[in-house]
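Listing of query.txt, compact mmCIF, C-alpha atoms
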```txt
# COMPACT_ATOMS: atom_id res chain seq x y z
CA MET K 574 24.41 -12.77 -54.12
CA LYS K 575 26.44 -10.67 -51.72
CA LYS K 576 24.13 -11.75 -48.94
CA CYS K 577 24.63 -15.43 -49.61
CA LEU K 578 26.72 -15.85 -46.47
CA ILE K 579 25.50 -14.40 -43.18
CA LYS K 580 27.42 -15.07 -39.98
CA LYS K 581 26.02 -14.45 -36.52
CA GLU K 582 27.11 -15.04 -32.94
CA ILE K 583 24.74 -17.19 -30.89
CA CYS K 584 24.15 -16.29 -27.26
CA GLU K 585 21.52 -16.94 -24.62
CA PRO K 586 22.38 -14.81 -21.60
CA ASN K 587 19.35 -16.10 -19.65
CA SER K 588 21.06 -19.48 -19.48
CA LEU K 589 24.78 -18.91 -19.72
CA CYS K 590 26.86 -15.81 -20.15
CA SER K 591 29.12 -15.03 -23.06
CA PRO K 592 32.63 -16.50 -22.70
CA SER K 593 33.97 -12.98 -23.22
CA ALA K 594 32.46 -12.15 -19.82
CA TYR K 595 35.24 -14.22 -18.24
CA GLY K 596 38.01 -13.41 -20.65
CA LYS K 597 37.62 -16.16 -23.24
CA SER K 598 37.68 -15.51 -26.97
CA PHE K 599 35.09 -17.88 -28.34
CA SER K 600 31.39 -17.68 -29.04
CA ARG K 601 28.79 -19.97 -27.50
CA GLY K 602 27.91 -20.70 -31.09
CA ILE K 603 27.94 -19.45 -34.64
CA LYS K 604 25.06 -19.52 -37.08
CA ILE K 605 26.08 -19.27 -40.68
CA THR K 606 23.44 -18.97 -43.35
CA ALA K 607 24.50 -20.07 -46.82
CA GLY K 608 21.66 -19.56 -49.26
CA PRO K 609 18.63 -21.52 -48.01
CA THR K 610 20.61 -23.51 -45.42
CA ALA K 611 21.64 -22.47 -41.91
CA PHE K 612 24.50 -24.22 -40.09
CA ILE K 613 24.46 -23.86 -36.31
CA PHE K 614 27.78 -24.71 -34.65
CA LEU K 615 27.60 -24.78 -30.87
CA SER K 616 30.84 -24.65 -28.91
CA GLY K 617 31.83 -27.19 -26.33
CA THR K 618 29.08 -26.47 -23.80
CA ALA K 619 29.18 -27.52 -20.18
CA SER K 620 27.39 -27.03 -16.90
CA ILE K 621 27.85 -23.27 -16.72
CA ASP K 622 25.47 -20.80 -15.15
CA LYS K 623 24.45 -17.25 -16.08
CA LYS K 624 27.47 -15.81 -14.34
CA GLY K 625 29.93 -18.18 -15.98
CA ASN K 626 30.43 -20.27 -12.88
CA THR K 627 30.36 -24.05 -12.83
CA TYR K 628 26.87 -25.19 -11.98
CA LYS K 629 27.07 -28.09 -9.49
CA PRO K 630 30.80 -28.86 -9.41
CA PHE K 631 31.66 -32.58 -9.61
CA ASN K 632 27.96 -33.56 -9.71
CA PHE K 633 27.37 -35.62 -12.84
CA PRO K 634 23.55 -35.96 -12.75
CA ALA K 635 23.12 -32.22 -12.26
CA GLN K 636 25.81 -31.32 -14.82
CA ILE K 637 24.46 -33.50 -17.63
CA LYS K 638 21.00 -31.99 -17.19
CA ARG K 639 22.40 -28.47 -17.15
CA THR K 640 24.59 -29.17 -20.19
CA PHE K 641 21.67 -30.43 -22.28
CA ASP K 642 19.49 -27.56 -21.03
CA ASN K 643 22.15 -25.02 -22.03
CA LEU K 644 22.41 -26.58 -25.49
CA THR K 645 18.60 -26.57 -25.81
CA ALA K 646 18.48 -22.89 -24.88
CA LEU K 647 21.20 -22.02 -27.42
CA LEU K 648 19.38 -23.97 -30.15
CA LYS K 649 16.07 -22.36 -29.23
CA SER K 650 17.56 -18.88 -29.42
CA GLU K 651 17.97 -19.52 -33.15
CA GLY K 652 14.62 -21.21 -33.63
CA ALA K 653 16.18 -24.67 -33.78
CA THR K 654 15.40 -27.85 -31.86
CA TRP K 655 17.10 -31.16 -31.14
CA SER K 656 15.43 -32.54 -34.28
CA ASP K 657 17.77 -30.30 -36.26
CA VAL K 658 20.92 -31.67 -34.63
CA ILE K 659 23.12 -33.60 -37.04
CA LYS K 660 26.13 -34.44 -34.92
CA THR K 661 27.17 -34.25 -31.28
CA GLU K 662 30.74 -34.33 -29.99
CA CYS K 663 30.63 -35.57 -26.41
CA PHE K 664 33.43 -35.30 -23.88
CA LEU K 665 33.33 -37.08 -20.55
CA LYS K 666 35.85 -36.49 -17.79
CA SER K 667 35.75 -40.22 -17.15
CA MET K 668 34.20 -43.16 -18.97
CA LYS K 669 32.81 -44.24 -15.62
CA TYR K 670 29.99 -41.80 -16.46
CA TYR K 671 29.29 -43.38 -19.86
CA LYS K 672 26.42 -45.59 -18.67
CA GLU K 673 24.71 -42.72 -16.87
CA PHE K 674 25.33 -40.48 -19.88
CA ASN K 675 23.47 -42.92 -22.12
CA ILE K 676 20.56 -43.39 -19.74
CA PHE K 677 20.11 -39.64 -19.55
CA ARG K 678 20.47 -39.12 -23.30
CA ASN K 679 18.01 -41.91 -24.13
CA SER K 680 15.44 -40.34 -21.89
CA PHE K 681 16.17 -36.78 -23.05
CA TYR K 682 15.82 -37.64 -26.75
CA LYS K 683 12.65 -39.58 -26.02
CA LYS K 684 11.20 -36.55 -24.28
CA HIS K 685 12.15 -34.43 -27.29
CA ALA K 686 10.53 -37.03 -29.60
CA LEU K 687 13.56 -37.35 -31.88
CA LYS K 688 12.76 -39.42 -34.96
CA VAL K 689 16.35 -39.63 -36.13
CA PHE K 690 19.20 -39.61 -33.63
CA PRO K 691 22.23 -37.42 -34.41
CA ALA K 692 25.55 -38.89 -35.42
CA SER K 693 27.90 -38.72 -32.45
CA PHE K 694 31.21 -39.50 -30.87
CA CYS K 695 31.96 -39.72 -27.17
CA ILE K 696 35.48 -39.71 -25.75
CA GLU K 697 37.21 -39.35 -22.39
CA THR K 698 39.19 -36.20 -21.70
CA ASN K 699 40.03 -33.66 -19.07
CA LEU K 700 38.01 -30.50 -19.55
CA CYS K 701 39.00 -26.88 -19.05
CA ARG K 702 37.92 -26.84 -15.40
CA ARG K 703 38.62 -29.65 -12.97
CA ASP K 704 35.07 -29.54 -11.62
CA LEU K 705 33.42 -30.06 -15.02
CA LEU K 706 32.52 -33.67 -15.84
CA ILE K 707 30.85 -33.35 -19.24
CA GLU K 708 30.98 -31.08 -22.26
CA ILE K 709 29.14 -31.35 -25.60
CA SER K 710 29.68 -29.55 -28.89
CA LEU K 711 27.19 -29.93 -31.74
CA LEU K 712 26.15 -29.08 -35.26
CA ALA K 713 22.56 -28.45 -36.28
CA ILE K 714 21.41 -27.73 -39.82
CA THR K 715 18.14 -26.00 -40.57
CA LYS K 716 16.37 -24.20 -43.31
CA LYS K 717 16.96 -20.46 -43.19
CA MET U 148 11.92 -25.18 -51.65
CA LYS U 149 10.37 -27.21 -48.87
CA LYS U 150 12.41 -30.17 -49.96
CA CYS U 151 15.69 -28.31 -49.84
CA LEU U 152 16.76 -30.12 -46.67
CA ILE U 153 16.41 -33.90 -46.45
CA LYS U 154 17.75 -35.77 -43.43
CA LYS U 155 18.24 -39.51 -43.33
CA GLU U 156 19.68 -42.04 -40.92
CA ILE U 157 22.54 -44.11 -42.30
CA CYS U 158 22.75 -47.77 -41.39
CA GLU U 159 24.40 -50.88 -42.75
CA PRO U 160 23.10 -53.85 -40.73
CA ASN U 161 25.17 -56.33 -42.76
CA SER U 162 28.28 -54.83 -41.17
CA LEU U 163 27.29 -53.36 -37.84
CA CYS U 164 23.98 -53.10 -36.06
CA SER U 165 22.20 -49.91 -35.13
CA PRO U 166 23.34 -48.45 -31.79
CA SER U 167 19.69 -48.52 -30.72
CA ALA U 168 20.01 -52.31 -30.72
CA TYR U 169 22.11 -51.99 -27.59
CA GLY U 170 20.40 -49.06 -26.00
CA LYS U 171 22.36 -46.14 -27.43
CA SER U 172 20.68 -43.05 -28.86
CA PHE U 173 22.84 -42.15 -31.81
CA SER U 174 22.85 -43.03 -35.48
CA ARG U 175 25.74 -44.70 -37.29
CA GLY U 176 25.54 -41.68 -39.55
CA ILE U 177 23.34 -38.92 -40.89
CA LYS U 178 23.03 -37.89 -44.51
CA ILE U 179 21.69 -34.43 -45.01
CA THR U 180 20.95 -33.19 -48.49
CA ALA U 181 20.93 -29.42 -48.92
CA GLY U 182 20.04 -28.56 -52.49
CA PRO U 183 22.58 -30.23 -54.79
CA THR U 184 25.00 -31.14 -51.98
CA ALA U 185 24.88 -34.11 -49.61
CA PHE U 186 26.76 -34.09 -46.31
CA ILE U 187 27.47 -37.51 -44.81
CA PHE U 188 28.39 -37.43 -41.13
CA LEU U 189 29.51 -40.79 -39.79
CA SER U 190 29.60 -41.29 -36.04
CA GLY U 191 32.63 -42.43 -34.15
CA THR U 192 32.94 -45.91 -35.66
CA ALA U 193 34.93 -48.73 -34.13
CA SER U 194 35.56 -52.43 -34.47
CA ILE U 195 31.95 -53.51 -33.90
CA ASP U 196 30.27 -56.54 -35.43
CA LYS U 197 26.73 -57.16 -36.68
CA LYS U 198 25.51 -57.94 -33.19
CA GLY U 199 27.07 -54.86 -31.62
CA ASN U 200 29.88 -56.76 -29.96
CA THR U 201 33.51 -55.72 -30.07
CA TYR U 202 35.20 -57.47 -32.94
CA LYS U 203 38.63 -58.72 -31.81
CA PRO U 204 39.01 -57.12 -28.38
CA PHE U 205 42.42 -55.50 -27.72
CA ASN U 206 43.71 -56.57 -31.18
CA PHE U 207 44.88 -53.44 -33.00
CA PRO U 208 45.63 -54.91 -36.45
CA ALA U 209 42.22 -56.60 -36.60
CA GLN U 210 40.40 -53.59 -35.16
CA ILE U 211 41.83 -51.01 -37.54
CA LYS U 212 40.87 -53.18 -40.51
CA ARG U 213 37.35 -53.70 -39.16
CA THR U 214 36.97 -49.99 -38.37
CA PHE U 215 37.90 -48.92 -41.91
CA ASP U 216 35.72 -51.70 -43.35
CA ASN U 217 32.76 -50.55 -41.28
CA LEU U 218 33.27 -46.97 -42.45
CA THR U 219 33.56 -48.15 -46.04
CA ALA U 220 30.30 -50.10 -45.74
CA LEU U 221 28.50 -47.09 -44.25
CA LEU U 222 29.79 -44.82 -47.03
CA LYS U 223 28.85 -47.38 -49.69
CA SER U 224 25.31 -47.66 -48.32
CA GLU U 225 24.86 -44.04 -49.44
CA GLY U 226 26.69 -44.44 -52.73
CA ALA U 227 29.80 -42.68 -51.42
CA THR U 228 33.44 -43.73 -51.42
CA TRP U 229 36.63 -42.72 -49.62
CA SER U 230 37.25 -40.20 -52.43
CA ASP U 231 34.31 -38.23 -51.03
CA VAL U 232 35.75 -38.04 -47.52
CA ILE U 233 36.71 -34.51 -46.49
CA LYS U 234 37.77 -34.97 -42.91
CA THR U 235 38.49 -37.79 -40.50
CA GLU U 236 38.56 -37.54 -36.71
CA CYS U 237 40.75 -40.34 -35.41
CA PHE U 238 40.90 -41.56 -31.83
CA LEU U 239 43.53 -43.98 -30.63
CA LYS U 240 43.46 -45.60 -27.20
CA SER U 241 47.21 -45.11 -27.11
CA MET U 242 49.69 -43.24 -29.28
CA LYS U 243 51.78 -46.39 -29.25
CA TYR U 244 49.51 -47.45 -32.14
CA TYR U 245 50.15 -44.30 -34.17
CA LYS U 246 52.87 -45.78 -36.33
CA GLU U 247 50.81 -48.86 -37.14
CA PHE U 248 47.78 -46.64 -37.74
CA ASN U 249 49.69 -44.67 -40.37
CA ILE U 250 51.10 -47.74 -42.10
CA PHE U 251 47.61 -49.19 -42.40
CA ARG U 252 46.04 -45.92 -43.53
CA ASN U 253 48.74 -45.32 -46.16
CA SER U 254 48.12 -48.73 -47.60
CA PHE U 255 44.32 -48.48 -47.34
CA TYR U 256 44.15 -45.14 -49.15
CA LYS U 257 46.55 -46.44 -51.79
CA LYS U 258 44.27 -49.40 -52.38
CA HIS U 259 41.32 -47.03 -52.68
CA ALA U 260 43.31 -44.88 -55.12
CA LEU U 261 42.71 -41.60 -53.28
CA LYS U 262 43.92 -38.61 -55.27
CA VAL U 263 43.42 -36.14 -52.44
CA PHE U 264 43.80 -37.23 -48.82
CA PRO U 265 41.17 -36.03 -46.33
CA ALA U 266 41.94 -33.44 -43.70
CA SER U 267 42.36 -35.19 -40.37
CA PHE U 268 43.20 -35.06 -36.73
CA CYS U 269 44.36 -37.93 -34.56
CA ILE U 270 44.38 -37.83 -30.77
CA GLU U 271 44.78 -40.20 -27.84
CA THR U 272 41.76 -40.98 -25.70
CA ASN U 273 39.97 -43.70 -23.83
CA LEU U 274 37.03 -44.99 -25.83
CA CYS U 275 33.60 -46.11 -24.65
CA ARG U 276 34.69 -49.74 -24.20
CA ARG U 277 37.96 -50.77 -22.63
CA ASP U 278 38.60 -53.34 -25.35
CA LEU U 279 38.34 -50.85 -28.24
CA LEU U 280 41.65 -49.42 -29.43
CA ILE U 281 40.58 -47.19 -32.31
CA GLU U 282 37.56 -45.16 -33.36
CA ILE U 283 37.09 -42.87 -36.38
CA SER U 284 34.40 -40.31 -37.17
CA LEU U 285 34.24 -38.67 -40.59
CA LEU U 286 32.56 -36.24 -42.94
CA ALA U 287 32.05 -36.92 -46.62
CA ILE U 288 30.51 -34.48 -49.08
CA THR U 289 28.98 -35.60 -52.36
CA LYS U 290 26.67 -34.40 -55.04
CA LYS U 291 23.07 -35.38 -54.36
CA MET H 1023 25.78 -28.41 -62.47
CA LYS H 1024 28.63 -30.86 -62.84
CA LYS H 1025 30.94 -28.27 -61.39
CA CYS H 1026 28.85 -27.75 -58.29
CA LEU H 1027 31.37 -29.58 -56.10
CA ILE H 1028 35.06 -28.79 -56.41
CA LYS H 1029 37.55 -30.37 -54.01
CA LYS H 1030 41.10 -29.16 -53.57
CA GLU H 1031 44.04 -29.96 -51.33
CA ILE H 1032 45.34 -27.03 -49.29
CA CYS H 1033 49.06 -26.67 -48.79
CA GLU H 1034 51.50 -23.93 -47.87
CA PRO H 1035 55.03 -25.32 -48.30
CA ASN H 1036 56.62 -22.04 -47.24
CA SER H 1037 55.31 -22.66 -43.74
CA LEU H 1038 54.92 -26.38 -43.31
CA CYS H 1039 55.50 -29.29 -45.63
CA SER H 1040 52.90 -31.73 -46.85
CA PRO H 1041 52.31 -34.64 -44.45
CA SER H 1042 53.05 -36.96 -47.36
CA ALA H 1043 56.65 -35.72 -47.12
CA TYR H 1044 57.01 -37.73 -43.94
CA GLY H 1045 54.82 -40.66 -44.84
CA LYS H 1046 51.43 -39.52 -43.56
CA SER H 1047 48.24 -39.82 -45.61
CA PHE H 1048 46.35 -36.69 -44.80
CA SER H 1049 46.17 -33.20 -46.28
CA ARG H 1050 46.96 -30.01 -44.38
CA GLY H 1051 43.48 -29.02 -45.42
CA ILE H 1052 40.70 -29.49 -47.92
CA LYS H 1053 38.73 -26.76 -49.63
CA ILE H 1054 35.42 -27.86 -51.01
CA THR H 1055 33.36 -25.47 -53.05
CA ALA H 1056 29.64 -26.22 -53.18
CA GLY H 1057 27.90 -23.69 -55.38
CA PRO H 1058 28.62 -20.22 -54.00
CA THR H 1059 30.02 -21.47 -50.69
CA ALA H 1060 33.52 -22.71 -49.91
CA PHE H 1061 34.23 -24.87 -46.87
CA ILE H 1062 37.84 -24.90 -45.68
CA PHE H 1063 38.68 -27.78 -43.36
CA LEU H 1064 42.15 -27.53 -41.84
CA SER H 1065 43.66 -30.62 -40.28
CA GLY H 1066 44.95 -30.79 -36.77
CA THR H 1067 47.82 -28.33 -37.13
CA ALA H 1068 50.73 -28.06 -34.76
CA SER H 1069 54.11 -26.44 -34.36
CA ILE H 1070 55.67 -27.99 -37.46
CA ASP H 1071 58.31 -26.42 -39.65
CA LYS H 1072 58.95 -26.49 -43.40
CA LYS H 1073 60.77 -29.79 -43.14
CA GLY H 1074 58.09 -31.47 -41.06
CA ASN H 1075 60.08 -31.29 -37.85
CA THR H 1076 58.69 -30.10 -34.55
CA TYR H 1077 59.41 -26.41 -34.16
CA LYS H 1078 60.55 -25.71 -30.57
CA PRO H 1079 59.92 -29.04 -28.83
CA PHE H 1080 58.19 -28.78 -25.43
CA ASN H 1081 58.12 -24.96 -25.64
CA PHE H 1082 54.53 -23.84 -25.24
CA PRO H 1083 54.88 -20.08 -25.97
CA ALA H 1084 56.81 -20.77 -29.16
CA GLN H 1085 54.53 -23.63 -30.21
CA ILE H 1086 51.26 -21.75 -29.81
CA LYS H 1087 52.60 -18.88 -31.91
CA ARG H 1088 53.84 -21.27 -34.59
CA THR H 1089 50.55 -23.19 -34.58
CA PHE H 1090 48.47 -20.06 -35.12
CA ASP H 1091 50.95 -18.81 -37.72
CA ASN H 1092 50.72 -22.11 -39.61
CA LEU H 1093 46.93 -21.94 -39.56
CA THR H 1094 47.03 -18.33 -40.74
CA ALA H 1095 49.31 -19.29 -43.63
CA LEU H 1096 47.03 -22.16 -44.65
CA LEU H 1097 43.97 -19.90 -44.53
CA LYS H 1098 45.78 -17.20 -46.49
CA SER H 1099 46.79 -19.66 -49.21
CA GLU H 1100 43.07 -19.92 -50.02
CA GLY H 1101 42.35 -16.23 -49.65
CA ALA H 1102 40.71 -16.70 -46.26
CA THR H 1103 41.33 -14.98 -42.92
CA TRP H 1104 40.53 -15.62 -39.26
CA SER H 1105 37.30 -13.67 -39.78
CA ASP H 1106 36.10 -16.60 -41.88
CA VAL H 1107 36.75 -19.17 -39.16
CA ILE H 1108 33.55 -20.74 -37.82
CA LYS H 1109 34.87 -23.35 -35.42
CA THR H 1110 38.16 -24.33 -33.84
CA GLU H 1111 38.96 -27.70 -32.28
CA CYS H 1112 41.77 -27.17 -29.80
CA PHE H 1113 43.90 -29.87 -28.26
CA LEU H 1114 46.27 -29.21 -25.38
CA LYS H 1115 48.77 -31.76 -24.11
CA SER H 1116 47.94 -30.55 -20.63
CA MET H 1117 45.29 -28.23 -19.21
CA LYS H 1118 48.10 -26.53 -17.32
CA TYR H 1119 48.55 -24.57 -20.57
CA TYR H 1120 44.91 -23.49 -20.74
CA LYS H 1121 45.44 -20.10 -19.12
CA GLU H 1122 48.37 -19.27 -21.37
CA PHE H 1123 46.40 -20.57 -24.36
CA ASN H 1124 43.61 -18.10 -23.63
CA ILE H 1125 45.91 -15.16 -23.08
CA PHE H 1126 47.57 -15.82 -26.41
CA ARG H 1127 44.29 -16.39 -28.25
CA ASN H 1128 42.72 -13.22 -26.82
CA SER H 1129 45.65 -11.21 -28.01
CA PHE H 1130 45.87 -12.97 -31.38
CA TYR H 1131 42.19 -12.44 -32.21
CA LYS H 1132 42.45 -8.82 -31.08
CA LYS H 1133 45.36 -8.31 -33.45
CA HIS H 1134 43.31 -9.88 -36.24
CA ALA H 1135 40.37 -7.60 -35.34
CA LEU H 1136 37.83 -10.41 -35.13
CA LYS H 1137 34.30 -9.09 -34.77
CA VAL H 1138 32.77 -12.49 -34.06
CA PHE H 1139 34.78 -15.18 -32.30
CA PRO H 1140 34.58 -18.72 -33.69
CA ALA H 1141 32.75 -21.50 -31.90
CA SER H 1142 35.30 -23.74 -30.21
CA PHE H 1143 36.10 -26.63 -27.99
CA CYS H 1144 39.34 -27.23 -26.10
CA ILE H 1145 40.27 -30.58 -24.57
CA GLU H 1146 43.31 -32.28 -23.07
CA THR H 1147 44.95 -35.09 -25.01
CA ASN H 1148 48.25 -36.59 -25.93
CA LEU H 1149 49.25 -35.61 -29.47
CA CYS H 1150 50.98 -37.62 -32.14
CA ARG H 1151 54.48 -36.55 -31.02
CA ARG H 1152 55.55 -36.35 -27.42
CA ASP H 1153 57.19 -32.96 -27.96
CA LEU H 1154 54.04 -31.30 -29.31
CA LEU H 1155 52.00 -29.38 -26.73
CA ILE H 1156 49.17 -27.93 -28.83
CA GLU H 1157 47.24 -28.76 -31.97
CA ILE H 1158 44.28 -26.97 -33.58
CA SER H 1159 41.91 -28.07 -36.31
CA LEU H 1160 39.41 -25.63 -37.80
CA LEU H 1161 36.62 -24.95 -40.24
CA ALA H 1162 36.30 -21.73 -42.19
CA ILE H 1163 33.44 -20.89 -44.54
CA THR H 1164 33.77 -18.27 -47.26
CA LYS H 1165 32.12 -17.17 -50.42
CA LYS H 1166 33.60 -18.84 -53.45
```

Using structure tokens, write down the structure from this file.
Amino acid sequence: MKKCLIKKEICEPNSLCSPSAYGKSFSRGIKITAGPTAFIFLSGTASIDKKGNTYKPFNFPAQIKRTFDNLTALLKSEGATWSDVIKTECFLKSMKYYKEFNIFRNSFYKKHALKVFPASFCIETNLCRRDLLIEISLLAITKK
Amino acid sequence: MKKCLIKKEICEPNSLCSPSAYGKSFSRGIKITAGPTAFIFLSGTASIDKKGNTYKPFNFPAQIKRTFDNLTALLKSEGATWSDVIKTECFLKSMKYYKEFNIFRNSFYKKHALKVFPASFCIETNLCRRDLLIEISLLAITKK
Amino acid sequence: MKKCLIKKEICEPNSLCSPSAYGKSFSRGIKITAGPTAFIFLSGTASIDKKGNTYKPFNFPAQIKRTFDNLTALLKSEGATWSDVIKTECFLKSMKYYKEFNIFRNSFYKKHALKVFPASFCIETNLCRRDLLIEISLLAITKK
């Protein structure tokens, strides 16, 4: 039973570098396996490139695509997909992007053939960099 | 063991319609059953009526009641109660409502005879509609 | 199997009083034990003292230290450490504190010899008291 809890850092350097590369003490995500169940917690993820720079500053259409692509890559690195996502926590720099956010998300989930949409909240907040317009954190749950 | 993870959309159309009814790709909640434990994640829930309209725009006393009633209905649809709630994530349009929020919550939990209060955070943020003043997301955990 | 879900309020009165002491209906944290796994949910925790007063109003360096110390005390009261923390939810009154927040956190996690950093998000928001500058909520997962 000693192995009943296995904790692992999630990273996907082909998409976005580790936060430690620019002096931040958090992981892109944590996978914790408790018995037959794996919980995948992804950090607030934004439009960041491989080098840790903002990808397309102040450009909402480009940033939302990059954000979802980064999340997809992080999920994939652990063998998970959007169908495993249970809850998303969405942060928009301004609610003026809310309509565009929904149009993109509708289309993205359709493309990924989601049968059940995740639970979610979406709020307005300033993010850690002024040029970031969207950030999403999520939880996925899968079988080990 | 194939059945060890069962995922289900939560809805309660007698209280509030599915977000898909107005073009939004999220679920009111997700219940995920992992072995003997069920995790109930409810989305950010606000003062929404059966047709997806804002119930009592800009009216805090009416909205907080409706918000808690909607959450109660969603919990009940899965056989859960407020005693199963582990954590609430509370969003207020303005901290000027914080005092009233606490008075209502104290009274609501008293009425529901909670022995242990949930963990919680409460922050100030603009919500997805200008006329919404409060939104709450929560996690409940129950036996299957 | 009746005992498969055990729920417990977390408190650490030597560091910070129960929110019920000042009329708030939430717990400092909830520990829920599901089979061999314990989930520790800590509420949004700020620079609060034993009597429920703000410790060092408007003083960011003092408040961040107190906040992390309060979280540490709450974790310790359940036999947990920062190495068990899976995700932090960080709220700053202003992003002007973000740099200082990171410097402190880097140093704090180094001192606690973390091998894997938690997942995390950090957003800007007004908190429940005007004199509070930082608040952190977290999830830790441990073996029972």

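Take the candidates U:Leu285, U:Ser194, U:Asp216, U:Lys155 and check each one against Ser656 (chain K) using all atoms listed in the file; the shortest distance goes to U:Lys155.
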
Taking all atoms listed in the file into account, report as a PyMOL selection string which residues of chain U lie within 9 Å of chain K. chain U and resi 148-149+151-152+154-156+170-179+181-182+188-192+238+272-276+282-284

**Request:** To one decimal in Å, tell me the separation between CA of Arg213 (chain U) and CA of Leu280 (chain U).
**Result:**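 Interatomic distance, CA of Arg213 (chain U) to CA of Leu280 (chain U): 11.5 Å.
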
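The spacing separating CA of Leu221 (chain U) from CA of Cys158 (chain U) amounts to 6.5 Å.
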
Could you check how far CA of Phe612 (chain K) sits from CA of Cys1112 (chain H), in Å to one decimal?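 According to the coordinates, CA of Phe612 (chain K) and CA of Cys1112 (chain H) are separated by 20.3 Å.
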
Within 9 Å of Cys590 (chain K), counting all atoms listed in the file, which residues qualify if same-chain residues fewer than 5 places away don't, as a tab-separated table (two decimals) with C-alpha atoms, in the coordinates of the input?
```tsv
chain	number	residue	atom	x	y	z
K	584	CYS	CA	24.15	-16.29	-27.26
K	585	GLU	CA	21.52	-16.94	-24.62
K	595	TYR	CA	35.24	-14.22	-18.24
K	601	ARG	CA	28.79	-19.97	-27.50
K	621	ILE	CA	27.85	-23.27	-16.72
K	622	ASP	CA	25.47	-20.80	-15.15
K	623	LYS	CA	24.45	-17.25	-16.08
K	624	LYS	CA	27.47	-15.81	-14.34
K	625	GLY	CA	29.93	-18.18	-15.98
```

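Residues surrounding Ala1095 (chain H) within 10 Å are Cys1033, Glu1034, Pro1035, Asn1036, Ser1037, Leu1038, Thr1089, Gly1101, Ala1102 and Thr1103 of chain H [only C-alpha atoms; sequence separation below 6 positions excluded].
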
Kindly output region 585-596 of chain K as a PDB file, in the coordinates of the input, after building N, CA, C and O atoms.
```
ATOM      1  N   GLU K 585      22.774 -16.756 -25.367  1.00  0.00           N
ATOM      2  CA  GLU K 585      21.520 -16.940 -24.620  1.00  0.00           C
ATOM      3  C   GLU K 585      21.818 -16.592 -23.165  1.00  0.00           C
ATOM      4  O   GLU K 585      21.982 -17.465 -22.302  1.00  0.00           O
ATOM      5  N   PRO K 586      21.920 -15.275 -22.921  1.00  0.00           N
ATOM      6  CA  PRO K 586      22.380 -14.810 -21.600  1.00  0.00           C
ATOM      7  C   PRO K 586      21.469 -15.227 -20.448  1.00  0.00           C
ATOM      8  O   PRO K 586      21.899 -15.220 -19.288  1.00  0.00           O
ATOM      9  N   ASN K 587      20.221 -15.618 -20.738  1.00  0.00           N
ATOM     10  CA  ASN K 587      19.350 -16.100 -19.650  1.00  0.00           C
ATOM     11  C   ASN K 587      19.783 -17.459 -19.128  1.00  0.00           C
ATOM     12  O   ASN K 587      19.357 -17.878 -18.054  1.00  0.00           O
ATOM     13  N   SER K 588      20.600 -18.160 -19.921  1.00  0.00           N
ATOM     14  CA  SER K 588      21.060 -19.480 -19.480  1.00  0.00           C
ATOM     15  C   SER K 588      22.538 -19.487 -19.111  1.00  0.00           C
ATOM     16  O   SER K 588      22.922 -20.005 -18.070  1.00  0.00           O
ATOM     17  N   LEU K 589      23.333 -18.940 -20.022  1.00  0.00           N
ATOM     18  CA  LEU K 589      24.780 -18.910 -19.720  1.00  0.00           C
ATOM     19  C   LEU K 589      25.384 -17.685 -20.383  1.00  0.00           C
ATOM     20  O   LEU K 589      25.040 -17.339 -21.500  1.00  0.00           O
ATOM     21  N   CYS K 590      26.296 -17.068 -19.666  1.00  0.00           N
ATOM     22  CA  CYS K 590      26.860 -15.810 -20.150  1.00  0.00           C
ATOM     23  C   CYS K 590      27.801 -16.034 -21.315  1.00  0.00           C
ATOM     24  O   CYS K 590      28.229 -17.160 -21.597  1.00  0.00           O
ATOM     25  N   SER K 591      28.148 -14.949 -21.982  1.00  0.00           N
ATOM     26  CA  SER K 591      29.120 -15.030 -23.060  1.00  0.00           C
ATOM     27  C   SER K 591      30.506 -15.362 -22.489  1.00  0.00           C
ATOM     28  O   SER K 591      30.877 -14.871 -21.425  1.00  0.00           O
ATOM     29  N   PRO K 592      31.272 -16.198 -23.178  1.00  0.00           N
ATOM     30  CA  PRO K 592      32.630 -16.500 -22.700  1.00  0.00           C
ATOM     31  C   PRO K 592      33.495 -15.245 -22.555  1.00  0.00           C
ATOM     32  O   PRO K 592      34.415 -15.219 -21.742  1.00  0.00           O
ATOM     33  N   SER K 593      33.176 -14.211 -23.327  1.00  0.00           N
ATOM     34  CA  SER K 593      33.970 -12.980 -23.220  1.00  0.00           C
ATOM     35  C   SER K 593      33.795 -12.343 -21.846  1.00  0.00           C
ATOM     36  O   SER K 593      34.655 -11.583 -21.396  1.00  0.00           O
ATOM     37  N   ALA K 594      32.692 -12.692 -21.163  1.00  0.00           N
ATOM     38  CA  ALA K 594      32.460 -12.150 -19.820  1.00  0.00           C
ATOM     39  C   ALA K 594      33.517 -12.636 -18.826  1.00  0.00           C
ATOM     40  O   ALA K 594      33.738 -12.013 -17.792  1.00  0.00           O
ATOM     41  N   TYR K 595      34.138 -13.776 -19.111  1.00  0.00           N
ATOM     42  CA  TYR K 595      35.240 -14.220 -18.240  1.00  0.00           C
ATOM     43  C   TYR K 595      36.537 -14.397 -19.021  1.00  0.00           C
ATOM     44  O   TYR K 595      37.338 -15.301 -18.748  1.00  0.00           O
ATOM     45  N   GLY K 596      36.696 -13.523 -20.016  1.00  0.00           N
ATOM     46  CA  GLY K 596      38.010 -13.410 -20.650  1.00  0.00           C
ATOM     47  C   GLY K 596      38.363 -14.496 -21.653  1.00  0.00           C
ATOM     48  O   GLY K 596      39.551 -14.765 -21.894  1.00  0.00           O
TER      49      GLY K 596
END
```
